[in-house]
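**Student:** Quick one, protein-v2.txt (compact mmCIF, C-alpha atoms):
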# COMPACT_ATOMS: atom_id res chain seq x y z
CA MET S 1 19.65 -13.87 4.54
CA LYS S 2 21.18 -13.71 1.08
CA ALA S 3 19.17 -12.40 -1.82
CA GLY S 4 17.31 -15.15 -3.61
CA SER S 5 18.21 -17.75 -1.04
CA GLY S 6 15.87 -20.30 0.38
CA ILE S 7 12.56 -18.54 -0.24
CA PRO S 8 10.26 -21.02 -1.91
CA LEU S 9 8.25 -19.57 -4.75
CA TRP S 10 5.08 -21.08 -3.30
CA ILE S 11 5.37 -18.77 -0.27
CA VAL S 12 5.53 -15.72 -2.53
CA ALA S 13 2.60 -17.09 -4.57
CA LEU S 14 0.59 -17.74 -1.39
CA LEU S 15 1.20 -14.20 -0.17
CA ALA S 16 0.19 -12.83 -3.57
CA ALA S 17 -3.04 -14.88 -3.47
CA LEU S 18 -3.80 -13.66 0.05
CA CYS S 19 -3.18 -10.06 -1.04
CA LEU S 20 -5.56 -10.49 -3.97
CA ALA S 21 -8.22 -12.07 -1.74
CA VAL S 22 -8.05 -9.25 0.83
CA LEU S 23 -7.99 -6.64 -1.94
CA ALA S 24 -11.13 -8.22 -3.42
CA TRP S 25 -12.75 -8.19 0.04
CA THR S 26 -11.91 -4.50 0.40
CA THR S 27 -13.07 -3.61 -3.09
CA PHE S 28 -16.31 -5.56 -3.30
CA GLY S 29 -17.17 -5.45 0.38
CA PHE S 30 -16.48 -1.77 1.08
CA VAL S 31 -15.20 0.41 -1.79
CA VAL S 32 -17.95 -0.47 -4.29
CA PRO S 33 -20.78 -0.23 -1.71
CA PHE S 34 -19.35 3.10 -0.48
CA LYS S 35 -19.35 4.46 -4.03
CA HIS S 36 -22.90 3.15 -4.56
CA GLU S 37 -24.06 4.75 -1.29
CA THR S 38 -22.40 8.15 -1.77
CA GLY S 39 -21.50 8.51 -5.44
CA GLN S 40 -17.97 9.33 -4.22
CA ALA S 41 -14.89 7.10 -4.19
CA VAL S 42 -13.03 6.31 -0.98
CA LEU S 43 -10.02 8.64 -0.67
CA ASP S 44 -7.68 5.64 -0.36
CA THR S 45 -8.28 4.93 -4.06
CA TYR S 46 -7.11 8.31 -5.38
CA PHE S 47 -3.87 7.18 -7.04
CA ALA S 48 -3.05 10.70 -8.25
CA GLY S 49 -3.52 12.11 -4.76
CA TYR S 50 -5.85 14.76 -3.44
CA ASP S 51 -5.73 17.89 -1.31
CA GLU S 52 -7.26 19.05 1.95
CA SER S 53 -10.42 20.24 0.22
CA ALA S 54 -11.19 16.64 -0.76
CA VAL S 55 -10.77 15.63 2.88
CA PHE S 56 -13.13 18.41 3.99
CA HIS S 57 -15.64 17.30 1.34
CA MET S 58 -15.41 13.71 2.61
CA GLN S 59 -15.87 14.88 6.22
CA LYS S 60 -19.06 16.70 5.22
CA LEU S 61 -20.29 13.69 3.25
CA LEU S 62 -19.70 11.35 6.19
CA ASP S 63 -21.40 13.74 8.62
CA GLU S 64 -24.53 13.51 6.48
CA ASN S 65 -24.46 9.76 5.73
CA GLU S 66 -24.31 7.31 8.65
CA THR S 67 -24.21 4.23 6.37
CA ALA S 68 -21.13 5.55 4.55
CA THR S 69 -19.45 6.29 7.89
CA ARG S 70 -20.11 2.72 9.08
CA LEU S 71 -18.79 1.29 5.80
CA LEU S 72 -15.59 3.31 6.00
CA ARG S 73 -14.94 2.45 9.64
CA ALA S 74 -15.65 -1.24 8.97
CA MET S 75 -13.15 -1.17 6.09
CA TYR S 76 -10.42 0.30 8.31
CA PHE S 77 -11.13 -2.15 11.13
CA GLY S 78 -11.50 -5.09 8.73
CA PRO S 79 -9.41 -5.77 5.66
CA GLU S 80 -7.31 -2.61 6.01
CA LEU S 81 -5.89 -3.98 9.27
CA ILE S 82 -4.22 -6.87 7.45
CA PHE S 83 -3.74 -5.78 3.81
CA PRO S 84 -0.79 -3.40 4.39
CA ALA S 85 1.06 -6.08 6.37
CA LEU S 86 0.42 -8.73 3.72
CA LEU S 87 1.52 -6.49 0.86
CA THR S 88 4.59 -5.32 2.78
CA ALA S 89 5.59 -8.94 3.37
CA LEU S 90 4.98 -9.80 -0.30
CA LEU S 91 7.06 -6.87 -1.55
CA PHE S 92 9.89 -7.63 0.89
CA LEU S 93 9.99 -11.31 -0.07
CA ALA S 94 9.94 -10.38 -3.75
CA PHE S 95 12.98 -8.14 -3.17
CA LEU S 96 14.72 -10.94 -1.26
CA LYS S 97 13.89 -13.44 -3.99
CA LEU S 98 14.94 -11.22 -6.90
CA GLY S 99 17.54 -8.87 -5.44
CA PRO S 100 21.18 -9.46 -6.22
CA GLY S 101 23.70 -9.53 -3.42
CA GLY S 102 26.27 -6.89 -4.32
CA ALA S 103 25.08 -5.40 -7.59
CA TRP S 104 21.95 -3.62 -8.77
CA PHE S 105 21.09 -3.83 -12.45
CA GLY S 106 24.57 -4.91 -13.49
CA ARG S 107 26.40 -2.22 -11.53
CA SER S 108 28.15 -2.66 -8.25
CA ALA S 109 26.42 -0.77 -5.48
CA HIS S 110 27.49 0.38 -2.08
CA PRO S 111 26.23 -2.17 0.46
CA LEU S 112 24.16 0.48 2.25
CA VAL S 113 22.37 1.42 -0.97
CA GLY S 114 21.50 -2.20 -1.62
CA LYS S 115 20.18 -2.64 1.91
CA ALA S 116 18.27 0.65 1.82
CA VAL S 117 16.24 -0.61 -1.14
CA TYR S 118 14.95 -3.41 1.08
CA LEU S 119 13.38 -0.72 3.31
CA LEU S 120 10.99 0.45 0.56
CA PRO S 121 8.31 -2.15 1.33
CA PHE S 122 8.34 -1.06 4.97
CA ILE S 123 7.98 2.59 3.96
CA TYR S 124 4.89 1.54 2.01
CA GLY S 125 3.48 -0.39 4.99
CA ILE S 126 4.07 2.43 7.46
CA ALA S 127 2.55 4.97 5.05
CA ASP S 128 -0.52 2.79 4.44
CA TYR S 129 -1.15 2.27 8.15
CA GLY S 130 -0.49 6.00 8.71
CA GLU S 131 -3.06 6.82 6.06
CA ASN S 132 -5.61 4.53 7.70
CA ILE S 133 -5.03 6.01 11.14
CA SER S 134 -5.14 9.55 9.73
CA SER S 135 -8.44 8.74 8.02
CA LEU S 136 -9.98 7.42 11.21
CA ILE S 137 -8.88 10.53 13.10
CA ALA S 138 -9.80 13.01 10.34
CA PHE S 139 -13.27 11.52 9.92
CA GLY S 140 -13.88 11.15 13.65
CA ASP S 141 -14.89 13.56 16.35
CA GLY S 142 -11.48 13.97 18.03
CA GLY S 143 -9.53 17.14 18.62
CA SER S 144 -6.69 16.03 16.32
CA ALA S 145 -8.92 16.00 13.23
CA SER S 146 -7.36 19.15 11.75
CA LEU S 147 -3.82 17.74 11.98
CA ALA S 148 -4.98 14.44 10.47
CA THR S 149 -6.75 16.36 7.69
CA GLN S 150 -3.46 17.99 6.73
CA LEU S 151 -1.46 14.77 7.08
CA LEU S 152 -3.85 12.49 5.18
CA PRO S 153 -3.07 13.64 1.60
CA TRP S 154 0.67 13.32 2.25
CA MET S 155 0.33 9.82 3.64
CA THR S 156 -1.62 8.75 0.55
CA ARG S 157 1.03 10.23 -1.76
CA LEU S 158 3.83 8.53 0.18
CA LYS S 159 1.96 5.22 0.10
CA PHE S 160 1.43 5.25 -3.66
CA ALA S 161 4.91 6.65 -4.44
CA SER S 162 6.67 3.95 -2.42
CA LEU S 163 4.38 1.28 -3.89
CA ALA S 164 5.10 2.47 -7.44
CA ILE S 165 8.86 2.47 -6.79
CA CYS S 166 8.63 -1.06 -5.35
CA PHE S 167 6.71 -2.32 -8.39
CA ILE S 168 9.15 -0.69 -10.82
CA LEU S 169 12.18 -2.14 -9.03
CA ILE S 170 10.62 -5.59 -8.78
CA ALA S 171 9.75 -5.54 -12.49
CA ARG S 172 13.29 -4.45 -13.38
CA LEU S 173 14.82 -7.09 -11.13
CA ALA S 174 12.57 -9.79 -12.61
CA ILE S 175 13.47 -8.76 -16.15
CA ALA S 176 17.17 -8.62 -15.28
CA ARG S 177 16.95 -12.06 -13.68
CA TRP S 178 15.10 -13.45 -16.68
CA LEU S 179 17.60 -12.00 -19.17
CA SER S 180 20.73 -13.00 -17.25
CA PRO S 181 22.43 -16.28 -18.12
CA ARG S 182 21.78 -19.15 -15.70
CA ARG S 183 24.62 -20.07 -13.35
CA ASP S 184 24.66 -23.68 -12.20
How does this structure look as structure tokens?

**Tutor:**
Amino acid sequence: MKAGSGIPLWIVALLAALCLAVLAWTTFGFVVPFKHETGQAVLDTYFAGYDESAVFHMQKLLDENETATRLLRAMYFGPELIFPALLTALLFLAFLKLGPGGAWFGRSAHPLVGKAVYLLPFIYGIADYGENISSLIAFGDGGSASLATQLLPWMTRLKFASLAICFILIARLAIARWLSPRRD
């Protein structure tokens, strides 16, 4: 599929609306009640990242609070099952809609570089699902909890880094598209 070809804007808008609806479900159905119950934010919301000590603190908190544990598990088995896929699809379609075929930001690019940029949304999606799985393992009773505890902060950093890069590139592509002269 060529960049910008055949993707109706209403599909991108529908995906954006679905992402916002699921994000609102997550926030008001799970994140806010979790914070109200524990006084602590869910680790998934730490944009600046965190370290293993925060994971250990969360493990202790969840061991002492059954309601918080049920809220967190329900979040991962509810909206967090579909949100990463929806946002990955939205980011990918935005790149397809805005991305130029052979040039990036007015410069010709090697075809592999241009195609590699389209992988960024999938890196986000894999990192977000990896973070969710690591959280379930780290905050569970399994034998792999120590490995998940070490992996969890890195998955969160990778998730937010890839998401930030996607947003920056999409904003730049949108601005470049808006500033470029129309070709009929």

**Student:** Quick check, in Å to one decimal: how far apart do atom CA of Leu151 of chain S and atom CA of Ser134 of chain S lie?

**Tutor:**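 That distance, rounded to one decimal, is 6.9 Å.
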
**Student:** I'd like the interatomic distance between atom CA of Gln150 of chain S and atom CA of Glu52 of chain S, to a tenth of an Å.

**Tutor:**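 Going from atom CA of Gln150 of chain S over to atom CA of Glu52 of chain S covers 6.2 Å.
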
**Student:** Nearest to Leu91 of chain S among S:Ala145, S:Asp51, S:Ala176, S:Leu169, with distances taken over all atoms listed in the file: which residue is it?

**Tutor:** S:Leu169

**Student:** How many Å lie between atom CA of Ser162 of chain S and atom CA of Phe77 of chain S, rounded to one decimal?

**Tutor:** 23.2 Å

**Student:** Fewer than 4 positions away in the same chain doesn't count, so skip those; otherwise give me all residues within 8 Å of segment 118-123 of chain S, counting only C-alpha atoms, as a list in words.

**Tutor:**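 Neighbouring residues, sequence-local ones excluded: Thr88, Ala89, Leu91, Phe92, Phe95, Leu96, Gly114, Ala127, Lys159, Ser162, Leu163, Ile165 and Cys166 of chain S.
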